[in-house]
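Text of coords-v1.cif (mmCIF, N, CA and C atoms) as supplied:
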data_final
#
loop_
_atom_site.group_PDB
_atom_site.id
_atom_site.type_symbol
_atom_site.label_atom_id
_atom_site.label_comp_id
_atom_site.auth_asym_id
_atom_site.auth_seq_id
_atom_site.Cartn_x
_atom_site.Cartn_y
_atom_site.Cartn_z
ATOM 1 N N MET A 130 -19.393 -38.209 193.657
ATOM 2 C CA MET A 130 -18.125 -38.428 192.983
ATOM 3 C C MET A 130 -18.325 -38.589 191.471
ATOM 4 N N GLN A 131 -19.419 -39.228 191.082
ATOM 5 C CA GLN A 131 -19.675 -39.457 189.662
ATOM 6 C C GLN A 131 -19.734 -38.139 188.888
ATOM 7 N N GLU A 132 -20.426 -37.172 189.437
ATOM 8 C CA GLU A 132 -20.539 -35.872 188.769
ATOM 9 C C GLU A 132 -19.182 -35.193 188.651
ATOM 10 N N VAL A 133 -18.355 -35.328 189.664
ATOM 11 C CA VAL A 133 -17.014 -34.746 189.649
ATOM 12 C C VAL A 133 -16.186 -35.386 188.538
ATOM 13 N N LEU A 134 -16.281 -36.693 188.397
ATOM 14 C CA LEU A 134 -15.523 -37.397 187.357
ATOM 15 C C LEU A 134 -15.998 -37.016 185.958
ATOM 16 N N GLU A 135 -17.300 -36.901 185.788
ATOM 17 C CA GLU A 135 -17.833 -36.510 184.478
ATOM 18 C C GLU A 135 -17.413 -35.079 184.121
ATOM 19 N N TYR A 136 -17.457 -34.193 185.098
ATOM 20 C CA TYR A 136 -16.996 -32.826 184.866
ATOM 21 C C TYR A 136 -15.494 -32.815 184.595
ATOM 22 N N GLY A 137 -14.751 -33.626 185.342
ATOM 23 C CA GLY A 137 -13.311 -33.747 185.106
ATOM 24 C C GLY A 137 -13.004 -34.203 183.697
ATOM 25 N N PHE A 138 -13.779 -35.170 183.200
ATOM 26 C CA PHE A 138 -13.588 -35.638 181.822
ATOM 27 C C PHE A 138 -13.821 -34.494 180.839
ATOM 28 N N GLU A 139 -14.886 -33.740 181.037
ATOM 29 C CA GLU A 139 -15.174 -32.612 180.140
ATOM 30 C C GLU A 139 -14.022 -31.607 180.124
ATOM 31 N N CYS A 140 -13.495 -31.287 181.300
ATOM 32 C CA CYS A 140 -12.389 -30.327 181.396
ATOM 33 C C CYS A 140 -11.119 -30.865 180.750
ATOM 34 N N ILE A 141 -10.787 -32.113 181.036
ATOM 35 C CA ILE A 141 -9.600 -32.742 180.446
ATOM 36 C C ILE A 141 -9.739 -32.809 178.938
ATOM 37 N N ASN A 142 -10.915 -33.219 178.470
ATOM 38 C CA ASN A 142 -11.152 -33.317 177.032
ATOM 39 C C ASN A 142 -10.959 -31.970 176.354
ATOM 40 N N GLU A 143 -11.517 -30.933 176.918
ATOM 41 C CA GLU A 143 -11.417 -29.602 176.316
ATOM 42 C C GLU A 143 -9.981 -29.068 176.370
ATOM 43 N N HIS A 144 -9.350 -29.185 177.525
ATOM 44 C CA HIS A 144 -8.031 -28.588 177.726
ATOM 45 C C HIS A 144 -6.916 -29.333 176.984
ATOM 46 N N TYR A 145 -6.916 -30.661 177.068
ATOM 47 C CA TYR A 145 -5.807 -31.437 176.509
ATOM 48 C C TYR A 145 -6.085 -32.021 175.128
ATOM 49 N N PHE A 146 -7.354 -32.212 174.796
ATOM 50 C CA PHE A 146 -7.683 -32.883 173.537
ATOM 51 C C PHE A 146 -8.545 -32.028 172.616
ATOM 52 N N GLY A 147 -8.702 -30.760 172.926
ATOM 53 C CA GLY A 147 -9.468 -29.847 172.083
ATOM 54 C C GLY A 147 -10.906 -30.273 171.876
ATOM 55 N N GLY A 148 -11.468 -31.013 172.832
ATOM 56 C CA GLY A 148 -12.855 -31.471 172.728
ATOM 57 C C GLY A 148 -13.059 -32.608 171.749
ATOM 58 N N GLU A 149 -11.972 -33.238 171.289
ATOM 59 C CA GLU A 149 -12.053 -34.301 170.272
ATOM 60 C C GLU A 149 -12.627 -35.622 170.784
ATOM 61 N N LEU A 150 -12.533 -35.872 172.078
ATOM 62 C CA LEU A 150 -12.964 -37.170 172.586
ATOM 63 C C LEU A 150 -14.489 -37.237 172.654
ATOM 64 N N PRO A 151 -15.083 -38.242 172.010
ATOM 65 C CA PRO A 151 -16.531 -38.405 172.094
ATOM 66 C C PRO A 151 -16.958 -38.770 173.517
ATOM 67 N N PRO A 152 -18.249 -38.664 173.797
ATOM 68 C CA PRO A 152 -18.732 -39.050 175.128
ATOM 69 C C PRO A 152 -18.288 -40.468 175.489
ATOM 70 N N ILE A 153 -18.099 -40.688 176.770
ATOM 71 C CA ILE A 153 -17.651 -41.981 177.276
ATOM 72 C C ILE A 153 -18.372 -42.242 178.593
ATOM 73 N N VAL A 154 -18.523 -43.503 178.943
ATOM 74 C CA VAL A 154 -19.108 -43.868 180.229
ATOM 75 C C VAL A 154 -17.977 -43.957 181.246
ATOM 76 N N ILE A 155 -18.151 -43.294 182.381
ATOM 77 C CA ILE A 155 -17.179 -43.368 183.465
ATOM 78 C C ILE A 155 -17.813 -44.174 184.590
ATOM 79 N N THR A 156 -17.143 -45.259 184.973
ATOM 80 C CA THR A 156 -17.659 -46.121 186.020
ATOM 81 C C THR A 156 -16.712 -46.134 187.216
ATOM 82 N N ILE A 157 -17.261 -46.516 188.336
ATOM 83 C CA ILE A 157 -16.484 -46.748 189.549
ATOM 84 C C ILE A 157 -16.794 -48.175 189.971
ATOM 85 N N MET A 158 -15.792 -49.031 189.886
ATOM 86 C CA MET A 158 -15.966 -50.437 190.247
ATOM 87 C C MET A 158 -14.723 -50.934 190.960
ATOM 88 N N SER A 159 -14.839 -52.080 191.560
ATOM 89 C CA SER A 159 -13.710 -52.691 192.236
ATOM 90 C C SER A 159 -12.631 -53.069 191.233
ATOM 91 N N SER A 160 -11.436 -52.593 191.480
ATOM 92 C CA SER A 160 -10.275 -52.886 190.638
ATOM 93 C C SER A 160 -9.031 -52.644 191.498
ATOM 94 N N PRO A 161 -8.823 -53.483 192.527
ATOM 95 C CA PRO A 161 -7.796 -53.188 193.528
ATOM 96 C C PRO A 161 -6.362 -53.149 193.013
ATOM 97 N N ARG A 162 -6.082 -53.764 191.874
ATOM 98 C CA ARG A 162 -4.695 -53.817 191.399
ATOM 99 C C ARG A 162 -4.302 -52.640 190.516
ATOM 100 N N SER A 163 -5.240 -51.745 190.198
ATOM 101 C CA SER A 163 -4.891 -50.565 189.399
ATOM 102 C C SER A 163 -5.756 -49.385 189.829
ATOM 103 N N ASN A 164 -5.310 -48.200 189.484
ATOM 104 C CA ASN A 164 -6.087 -46.996 189.795
ATOM 105 C C ASN A 164 -7.259 -46.823 188.838
ATOM 106 N N GLY A 165 -7.122 -47.355 187.626
ATOM 107 C CA GLY A 165 -8.177 -47.240 186.638
ATOM 108 C C GLY A 165 -7.806 -47.985 185.378
ATOM 109 N N HIS A 166 -8.756 -48.082 184.468
ATOM 110 C CA HIS A 166 -8.468 -48.677 183.165
ATOM 111 C C HIS A 166 -9.446 -48.169 182.115
ATOM 112 N N PHE A 167 -8.999 -48.268 180.873
ATOM 113 C CA PHE A 167 -9.820 -47.919 179.709
ATOM 114 C C PHE A 167 -10.260 -49.223 179.064
ATOM 115 N N THR A 168 -11.548 -49.363 178.813
ATOM 116 C CA THR A 168 -12.074 -50.556 178.166
ATOM 117 C C THR A 168 -12.094 -50.324 176.659
ATOM 118 N N VAL A 169 -11.360 -51.159 175.936
ATOM 119 C CA VAL A 169 -11.188 -50.977 174.496
ATOM 120 C C VAL A 169 -12.506 -51.155 173.752
ATOM 121 N N GLY A 170 -13.278 -52.164 174.111
ATOM 122 C CA GLY A 170 -14.543 -52.413 173.418
ATOM 123 C C GLY A 170 -15.614 -51.422 173.828
ATOM 124 N N LYS A 171 -16.545 -51.197 172.950
ATOM 125 C CA LYS A 171 -17.673 -50.307 173.255
ATOM 126 C C LYS A 171 -18.730 -51.137 173.982
ATOM 127 N N GLU A 172 -18.610 -51.187 175.284
ATOM 128 C CA GLU A 172 -19.413 -52.073 176.120
ATOM 129 C C GLU A 172 -20.771 -51.497 176.518
ATOM 130 N N TRP A 173 -20.942 -50.211 176.384
ATOM 131 C CA TRP A 173 -22.160 -49.560 176.848
ATOM 132 C C TRP A 173 -23.015 -49.091 175.680
ATOM 133 N N ARG A 174 -24.322 -49.143 175.855
ATOM 134 C CA ARG A 174 -25.243 -48.705 174.815
ATOM 135 C C ARG A 174 -26.086 -47.543 175.348
ATOM 136 N N LEU A 175 -26.140 -46.482 174.562
ATOM 137 C CA LEU A 175 -26.987 -45.329 174.840
ATOM 138 C C LEU A 175 -27.854 -45.145 173.611
ATOM 139 N N SER A 176 -29.110 -45.549 173.706
ATOM 140 C CA SER A 176 -30.003 -45.609 172.539
ATOM 141 C C SER A 176 -29.349 -46.483 171.482
ATOM 142 N N GLU A 177 -29.061 -45.928 170.331
ATOM 143 C CA GLU A 177 -28.429 -46.693 169.251
ATOM 144 C C GLU A 177 -26.911 -46.581 169.253
ATOM 145 N N GLU A 178 -26.378 -45.719 170.109
ATOM 146 C CA GLU A 178 -24.941 -45.462 170.137
ATOM 147 C C GLU A 178 -24.247 -46.407 171.117
ATOM 148 N N ARG A 179 -23.060 -46.865 170.731
ATOM 149 C CA ARG A 179 -22.230 -47.692 171.612
ATOM 150 C C ARG A 179 -21.086 -46.826 172.142
ATOM 151 N N LEU A 180 -20.779 -46.956 173.439
ATOM 152 C CA LEU A 180 -19.778 -46.102 174.071
ATOM 153 C C LEU A 180 -18.677 -46.915 174.745
ATOM 154 N N ASN A 181 -17.484 -46.350 174.749
ATOM 155 C CA ASN A 181 -16.375 -46.916 175.503
ATOM 156 C C ASN A 181 -16.551 -46.582 176.976
ATOM 157 N N GLU A 182 -15.652 -47.146 177.800
ATOM 158 C CA GLU A 182 -15.730 -46.956 179.240
ATOM 159 C C GLU A 182 -14.353 -46.655 179.822
ATOM 160 N N ILE A 183 -14.337 -45.750 180.776
ATOM 161 C CA ILE A 183 -13.191 -45.564 181.654
ATOM 162 C C ILE A 183 -13.674 -45.953 183.040
ATOM 163 N N ASN A 184 -12.960 -46.876 183.656
ATOM 164 C CA ASN A 184 -13.295 -47.275 185.021
ATOM 165 C C ASN A 184 -12.239 -46.736 185.975
ATOM 166 N N LEU A 185 -12.701 -46.168 187.071
ATOM 167 C CA LEU A 185 -11.801 -45.764 188.142
ATOM 168 C C LEU A 185 -12.052 -46.686 189.326
ATOM 169 N N SER A 186 -10.976 -47.135 189.923
ATOM 170 C CA SER A 186 -11.039 -48.120 190.990
ATOM 171 C C SER A 186 -11.658 -47.546 192.261
ATOM 172 N N ALA A 187 -12.678 -48.216 192.758
ATOM 173 C CA ALA A 187 -13.322 -47.796 194.005
ATOM 174 C C ALA A 187 -12.340 -47.818 195.171
ATOM 175 N N GLU A 188 -11.408 -48.756 195.142
ATOM 176 C CA GLU A 188 -10.448 -48.894 196.236
ATOM 177 C C GLU A 188 -9.447 -47.744 196.303
ATOM 178 N N HIS A 189 -9.318 -46.983 195.219
ATOM 179 C CA HIS A 189 -8.305 -45.933 195.172
ATOM 180 C C HIS A 189 -8.906 -44.519 195.106
ATOM 181 N N LEU A 190 -10.165 -44.391 195.423
ATOM 182 C CA LEU A 190 -10.803 -43.073 195.389
ATOM 183 C C LEU A 190 -10.553 -42.254 196.645
ATOM 184 N N ASP A 191 -9.813 -42.812 197.595
ATOM 185 C CA ASP A 191 -9.494 -42.051 198.800
ATOM 186 C C ASP A 191 -8.215 -41.228 198.631
ATOM 187 N N ARG A 192 -7.670 -41.208 197.427
ATOM 188 C CA ARG A 192 -6.476 -40.405 197.131
ATOM 189 C C ARG A 192 -6.877 -38.942 196.935
ATOM 190 N N PRO A 193 -5.912 -38.030 196.969
ATOM 191 C CA PRO A 193 -6.230 -36.619 196.673
ATOM 192 C C PRO A 193 -6.860 -36.476 195.282
ATOM 193 N N ILE A 194 -7.758 -35.525 195.140
ATOM 194 C CA ILE A 194 -8.481 -35.332 193.879
ATOM 195 C C ILE A 194 -7.530 -35.116 192.708
ATOM 196 N N GLU A 195 -6.400 -34.487 192.948
ATOM 197 C CA GLU A 195 -5.421 -34.272 191.871
ATOM 198 C C GLU A 195 -4.925 -35.609 191.316
ATOM 199 N N ASN A 196 -4.733 -36.579 192.193
ATOM 200 C CA ASN A 196 -4.274 -37.902 191.762
ATOM 201 C C ASN A 196 -5.367 -38.633 190.988
ATOM 202 N N ILE A 197 -6.592 -38.488 191.434
ATOM 203 C CA ILE A 197 -7.707 -39.130 190.738
ATOM 204 C C ILE A 197 -7.863 -38.536 189.338
ATOM 205 N N MET A 198 -7.760 -37.213 189.229
ATOM 206 C CA MET A 198 -7.869 -36.564 187.914
ATOM 207 C C MET A 198 -6.686 -36.941 187.022
ATOM 208 N N ALA A 199 -5.512 -37.138 187.611
ATOM 209 C CA ALA A 199 -4.356 -37.584 186.827
ATOM 210 C C ALA A 199 -4.619 -38.975 186.264
ATOM 211 N N THR A 200 -5.242 -39.852 187.053
ATOM 212 C CA THR A 200 -5.611 -41.182 186.554
ATOM 213 C C THR A 200 -6.628 -41.053 185.431
ATOM 214 N N LEU A 201 -7.623 -40.202 185.605
ATOM 215 C CA LEU A 201 -8.631 -39.992 184.557
ATOM 216 C C LEU A 201 -7.969 -39.482 183.280
ATOM 217 N N CYS A 202 -7.046 -38.546 183.406
ATOM 218 C CA CYS A 202 -6.333 -38.017 182.244
ATOM 219 C C CYS A 202 -5.522 -39.121 181.567
ATOM 220 N N HIS A 203 -4.858 -39.939 182.367
ATOM 221 C CA HIS A 203 -4.077 -41.071 181.848
ATOM 222 C C HIS A 203 -4.969 -41.986 181.005
ATOM 223 N N GLU A 204 -6.156 -42.297 181.509
ATOM 224 C CA GLU A 204 -7.078 -43.173 180.767
ATOM 225 C C GLU A 204 -7.615 -42.469 179.524
ATOM 226 N N CYS A 205 -7.746 -41.145 179.570
ATOM 227 C CA CYS A 205 -8.153 -40.395 178.376
ATOM 228 C C CYS A 205 -7.097 -40.492 177.279
ATOM 229 N N VAL A 206 -5.831 -40.576 177.667
ATOM 230 C CA VAL A 206 -4.765 -40.759 176.668
ATOM 231 C C VAL A 206 -4.960 -42.101 175.962
ATOM 232 N N HIS A 207 -5.290 -43.143 176.710
ATOM 233 C CA HIS A 207 -5.579 -44.439 176.077
ATOM 234 C C HIS A 207 -6.759 -44.318 175.111
ATOM 235 N N TYR A 208 -7.780 -43.606 175.521
ATOM 236 C CA TYR A 208 -8.960 -43.390 174.680
ATOM 237 C C TYR A 208 -8.567 -42.667 173.395
ATOM 238 N N TYR A 209 -7.809 -41.598 173.526
ATOM 239 C CA TYR A 209 -7.331 -40.843 172.370
ATOM 240 C C TYR A 209 -6.533 -41.753 171.428
ATOM 241 N N CYS A 210 -5.657 -42.556 171.996
ATOM 242 C CA CYS A 210 -4.835 -43.452 171.175
ATOM 243 C C CYS A 210 -5.708 -44.436 170.410
ATOM 244 N N GLN A 211 -6.713 -45.005 171.071
ATOM 245 C CA GLN A 211 -7.589 -45.940 170.376
ATOM 246 C C GLN A 211 -8.322 -45.252 169.228
ATOM 247 N N LEU A 212 -8.846 -44.071 169.478
ATOM 248 C CA LEU A 212 -9.591 -43.342 168.449
ATOM 249 C C LEU A 212 -8.720 -42.987 167.251
ATOM 250 N N ASN A 213 -7.423 -42.829 167.471
ATOM 251 C CA ASN A 213 -6.514 -42.403 166.417
ATOM 252 C C ASN A 213 -5.611 -43.518 165.897
ATOM 253 N N GLY A 214 -5.942 -44.755 166.237
ATOM 254 C CA GLY A 214 -5.205 -45.900 165.711
ATOM 255 C C GLY A 214 -3.762 -45.978 166.188
ATOM 256 N N ILE A 215 -3.483 -45.470 167.368
ATOM 257 C CA ILE A 215 -2.131 -45.499 167.926
ATOM 258 C C ILE A 215 -2.020 -46.689 168.872
ATOM 259 N N LYS A 216 -1.145 -47.624 168.546
ATOM 260 C CA LYS A 216 -0.923 -48.778 169.421
ATOM 261 C C LYS A 216 -0.047 -48.304 170.578
ATOM 262 N N ASP A 217 -0.642 -48.152 171.741
ATOM 263 C CA ASP A 217 0.030 -47.489 172.862
ATOM 264 C C ASP A 217 0.503 -48.416 173.974
ATOM 265 N N VAL A 218 0.259 -49.708 173.819
ATOM 266 C CA VAL A 218 0.705 -50.672 174.829
ATOM 267 C C VAL A 218 1.374 -51.856 174.140
ATOM 268 N N SER A 219 2.098 -52.646 174.938
ATOM 269 C CA SER A 219 2.746 -53.846 174.407
ATOM 270 C C SER A 219 1.695 -54.831 173.912
ATOM 271 N N SER A 220 2.130 -55.850 173.214
ATOM 272 C CA SER A 220 1.194 -56.790 172.599
ATOM 273 C C SER A 220 0.317 -57.504 173.622
ATOM 274 N N ASN A 221 0.789 -57.683 174.851
ATOM 275 C CA ASN A 221 -0.069 -58.313 175.856
ATOM 276 C C ASN A 221 -0.906 -57.283 176.620
ATOM 277 N N GLY A 222 -0.757 -56.009 176.275
ATOM 278 C CA GLY A 222 -1.579 -54.950 176.851
ATOM 279 C C GLY A 222 -1.208 -54.517 178.250
ATOM 280 N N ARG A 223 -0.062 -54.960 178.750
ATOM 281 C CA ARG A 223 0.290 -54.660 180.135
ATOM 282 C C ARG A 223 1.197 -53.453 180.291
ATOM 283 N N TYR A 224 1.992 -53.140 179.277
ATOM 284 C CA TYR A 224 2.999 -52.093 179.439
ATOM 285 C C TYR A 224 2.805 -50.986 178.418
ATOM 286 N N HIS A 225 2.960 -49.741 178.856
ATOM 287 C CA HIS A 225 2.876 -48.601 177.956
ATOM 288 C C HIS A 225 4.150 -48.548 177.121
ATOM 289 N N ASN A 226 3.998 -48.193 175.852
ATOM 290 C CA ASN A 226 5.175 -48.077 174.995
ATOM 291 C C ASN A 226 5.510 -46.606 174.754
ATOM 292 N N SER A 227 6.515 -46.373 173.917
ATOM 293 C CA SER A 227 6.973 -44.997 173.681
ATOM 294 C C SER A 227 5.908 -44.152 172.978
ATOM 295 N N LYS A 228 5.021 -44.780 172.202
ATOM 296 C CA LYS A 228 3.951 -44.013 171.545
ATOM 297 C C LYS A 228 2.990 -43.446 172.588
ATOM 298 N N PHE A 229 2.704 -44.223 173.619
ATOM 299 C CA PHE A 229 1.838 -43.723 174.701
ATOM 300 C C PHE A 229 2.527 -42.551 175.398
ATOM 301 N N GLU A 230 3.783 -42.723 175.705
ATOM 302 C CA GLU A 230 4.505 -41.669 176.400
ATOM 303 C C GLU A 230 4.564 -40.382 175.584
ATOM 304 N N LYS A 231 4.657 -40.506 174.261
ATOM 305 C CA LYS A 231 4.703 -39.338 173.402
ATOM 306 C C LYS A 231 3.366 -38.585 173.435
ATOM 307 N N VAL A 232 2.257 -39.321 173.376
ATOM 308 C CA VAL A 232 0.933 -38.692 173.428
ATOM 309 C C VAL A 232 0.689 -38.113 174.811
ATOM 310 N N GLU A 233 1.122 -38.823 175.847
ATOM 311 C CA GLU A 233 0.849 -38.381 177.216
ATOM 312 C C GLU A 233 1.515 -37.041 177.527
ATOM 313 N N LYS A 234 2.646 -36.777 176.915
ATOM 314 C CA LYS A 234 3.340 -35.504 177.148
ATOM 315 C C LYS A 234 2.599 -34.401 176.451
#
Can the structure from this file be put into C-alpha coordinates for me?
Amino acid sequence: MQEVLEYGFECINEHYFGGELPPIVITIMSSPRSNGHFTVGKEWRLSEERLNEINLSAEHLDRPIENIMATLCHECVHYYCQLNGIKDVSSNGRYHNSKFEKVEK
(Lines of atoms letter the chains of each structure in order from A and count residues from 1; the text may use other names and numbers.)
(Lines give C-alpha, C1' and ligand atoms only; values in the text may rest on other atoms or scores of the structure.)
Protein backbone atom coordinates (compact mmCIF):
# COMPACT_ATOMS: atom_id res chain seq x y z
CA MET A 1 0.00 0.00 0.00
CA GLN A 2 2.86 2.38 0.78
CA GLU A 3 4.18 2.22 -2.77
CA VAL A 4 0.70 2.86 -4.15
CA LEU A 5 0.33 5.96 -1.97
CA GLU A 6 3.74 7.31 -2.94
CA TYR A 7 2.96 6.77 -6.62
CA GLY A 8 -0.45 8.37 -6.08
CA PHE A 9 1.23 11.42 -4.57
CA GLU A 10 3.54 11.72 -7.59
CA CYS A 11 0.58 11.51 -10.00
CA ILE A 12 -1.55 13.98 -8.02
CA ASN A 13 1.37 16.37 -7.70
CA GLU A 14 2.09 16.30 -11.42
CA HIS A 15 -1.52 16.43 -12.62
CA TYR A 16 -3.05 18.94 -10.19
CA PHE A 17 -0.07 20.94 -8.92
CA GLY A 18 2.30 20.94 -11.90
CA GLY A 19 4.94 19.10 -9.85
CA GLU A 20 5.25 22.06 -7.44
CA LEU A 21 4.88 20.06 -4.23
CA PRO A 22 8.22 19.08 -2.69
CA PRO A 23 8.74 15.52 -1.46
CA ILE A 24 6.68 14.58 1.58
CA VAL A 25 6.53 11.62 3.95
CA ILE A 26 3.35 9.56 3.64
CA THR A 27 2.49 7.53 6.71
CA ILE A 28 -0.21 5.05 7.63
CA MET A 29 -1.13 5.24 11.30
CA SER A 30 -4.14 4.86 13.52
CA SER A 31 -6.46 7.84 13.15
CA PRO A 32 -10.00 6.46 13.53
CA ARG A 33 -11.79 9.83 13.57
CA SER A 34 -10.57 10.99 10.14
CA ASN A 35 -9.55 9.55 6.79
CA GLY A 36 -6.25 11.43 6.88
CA HIS A 37 -4.45 14.57 7.91
CA PHE A 38 -1.63 16.88 6.89
CA THR A 39 0.98 17.64 9.55
CA VAL A 40 1.87 21.33 9.43
CA GLY A 41 5.28 20.99 11.08
CA LYS A 42 8.22 19.40 9.32
CA GLU A 43 8.37 16.37 11.59
CA TRP A 44 10.57 14.10 9.49
CA ARG A 45 14.27 14.37 8.73
CA LEU A 46 15.94 13.04 5.59
CA SER A 47 19.67 13.75 5.91
CA GLU A 48 19.74 17.51 6.42
CA GLU A 49 16.29 18.11 4.94
CA ARG A 50 13.12 18.38 7.02
CA LEU A 51 9.87 17.08 5.49
CA ASN A 52 6.17 17.48 6.10
CA GLU A 53 3.87 14.49 6.52
CA ILE A 54 0.56 13.29 5.16
CA ASN A 55 -0.97 10.55 7.26
CA LEU A 56 -3.67 8.24 5.99
CA SER A 57 -5.75 6.45 8.57
CA ALA A 58 -5.10 2.72 8.86
CA GLU A 59 -8.72 2.22 9.90
CA HIS A 60 -10.02 3.66 6.62
CA LEU A 61 -7.79 1.90 4.09
CA ASP A 62 -10.48 -0.67 3.35
CA ARG A 63 -12.32 1.90 1.20
CA PRO A 64 -12.17 1.83 -2.61
CA ILE A 65 -8.84 3.07 -3.98
CA GLU A 66 -10.58 6.05 -5.59
CA ASN A 67 -11.70 7.23 -2.14
CA ILE A 68 -8.23 6.77 -0.69
CA MET A 69 -6.68 8.78 -3.54
CA ALA A 70 -9.34 11.48 -3.04
CA THR A 71 -8.24 11.71 0.61
CA LEU A 72 -4.60 11.93 -0.48
CA CYS A 73 -5.49 14.69 -2.95
CA HIS A 74 -7.43 16.52 -0.22
CA GLU A 75 -4.35 16.45 2.04
CA CYS A 76 -2.19 17.64 -0.87
CA VAL A 77 -4.42 20.72 -1.08
CA HIS A 78 -3.57 21.45 2.57
CA TYR A 79 0.11 20.99 1.73
CA TYR A 80 -0.17 23.36 -1.24
CA CYS A 81 -1.93 25.94 0.93
CA GLN A 82 0.78 25.79 3.58
CA LEU A 83 3.55 26.18 1.00
CA ASN A 84 1.79 29.20 -0.50
CA GLY A 85 0.82 30.96 2.73
CA ILE A 86 -2.91 30.33 2.27
CA LYS A 87 -4.80 30.07 5.56
CA ASP A 88 -7.18 27.27 4.60
CA VAL A 89 -8.82 26.34 7.90
CA SER A 90 -10.56 28.12 10.77
CA SER A 91 -8.47 29.47 13.62
CA ASN A 92 -8.91 26.28 15.65
CA GLY A 93 -7.89 24.20 12.61
CA ARG A 94 -11.05 22.11 12.52
CA TYR A 95 -13.03 23.54 9.61
CA HIS A 96 -12.10 24.25 6.00
CA ASN A 97 -12.75 27.81 4.88
CA SER A 98 -13.62 29.29 1.49
CA LYS A 99 -9.91 29.66 0.59
CA PHE A 100 -9.48 25.88 0.91
CA GLU A 101 -12.55 25.27 -1.20
CA LYS A 102 -11.25 27.64 -3.88
CA VAL A 103 -7.89 25.82 -4.12
CA GLU A 104 -9.55 22.40 -3.96
CA LYS A 105 -11.61 23.13 -7.07
(Q) Ranking A:Met158, A:Met198, A:Leu180, A:Leu190 by minimum distance to Glu135 in chain A and counting only C-alpha atoms, which one comes first? (A) A:Met198
(Q) Neighbouring residues of Ser160 in chain A were defined as those with any atom within 6 Å, considering only N, CA and C atoms; residues of the same chain fewer than 4 positions away were excluded. Please report them as number ranges by chain. (A) A: 186-188
Near range 162-171 of chain A, 7 Å: range 201-222 of chain A residue rows, closest pairs, all atoms listed in the file, as JSON lines:
{"residue": "A:Glu204", "atom": "CA", "partner": "A:Phe167", "partner_atom": "N", "distance": 5.4}
{"residue": "A:His207", "atom": "CA", "partner": "A:Phe167", "partner_atom": "CA", "distance": 6.6}
{"residue": "A:Tyr208", "atom": "N", "partner": "A:Phe167", "partner_atom": "CA", "distance": 6.3}
Q: Work out how far atom N of Asn184 in chain A is from CA of Ile155 in chain A, in Å to one decimal.
A: 5.5 Å
**Q.** From A:Ile183, A:Cys140, A:Leu134, A:Ile153, residue lying nearest Ile197 in chain A [only N, CA and C atoms]
**A.** A:Leu134
Q: Step one, run DSSP on the backbone; step two, keep only residues of chain A assigned to alpha helix (DSSP H); then write them as number ranges by chain.
A: A: 131-146, 194-212, 227-233
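Closest approach to Asn142 in chain A among A:Ile157, A:Leu175, A:Arg192, A:Cys202: A:Cys202, based on all atoms listed in the file.
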Q) Which of these residues is nearest to Phe138 in chain A, using only C-alpha atoms: A:Asp191, A:Cys210, A:Val154, A:Asn181? A) A:Val154
Q) Expressed in Å to a single decimal, how great is the separation between CA of Thr156 in chain A and CA of Gln131 in chain A? A)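 Straight-line distance from CA of Thr156 in chain A to CA of Gln131 in chain A works out to 7.9 Å.
Distances to Arg179 in chain A were evaluated for A:Pro161, A:Pro152, A:Gln211, A:Ile194 using all atoms listed in the file, and the minimum falls at A:Pro152.
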**Q.** Nearest-residue call for Glu149 in chain A, choices A:Glu178, A:Met130, A:Tyr209, A:His203, using only N, CA and C atoms
**A.**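 Residue with the minimum atom-to-atom distance to Glu149 in chain A: A:Tyr209.
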Q) By how many Å are CA of Glu143 in chain A and atom C of Leu201 in chain A apart? A)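 According to the coordinates, CA of Glu143 in chain A and atom C of Leu201 in chain A are separated by 12.6 Å.
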Q) So which residues of chain A fall under strand (DSSP E) by DSSP, listed as a PyMOL selection string? A) chain A and resi 154-158+165-175+178-186
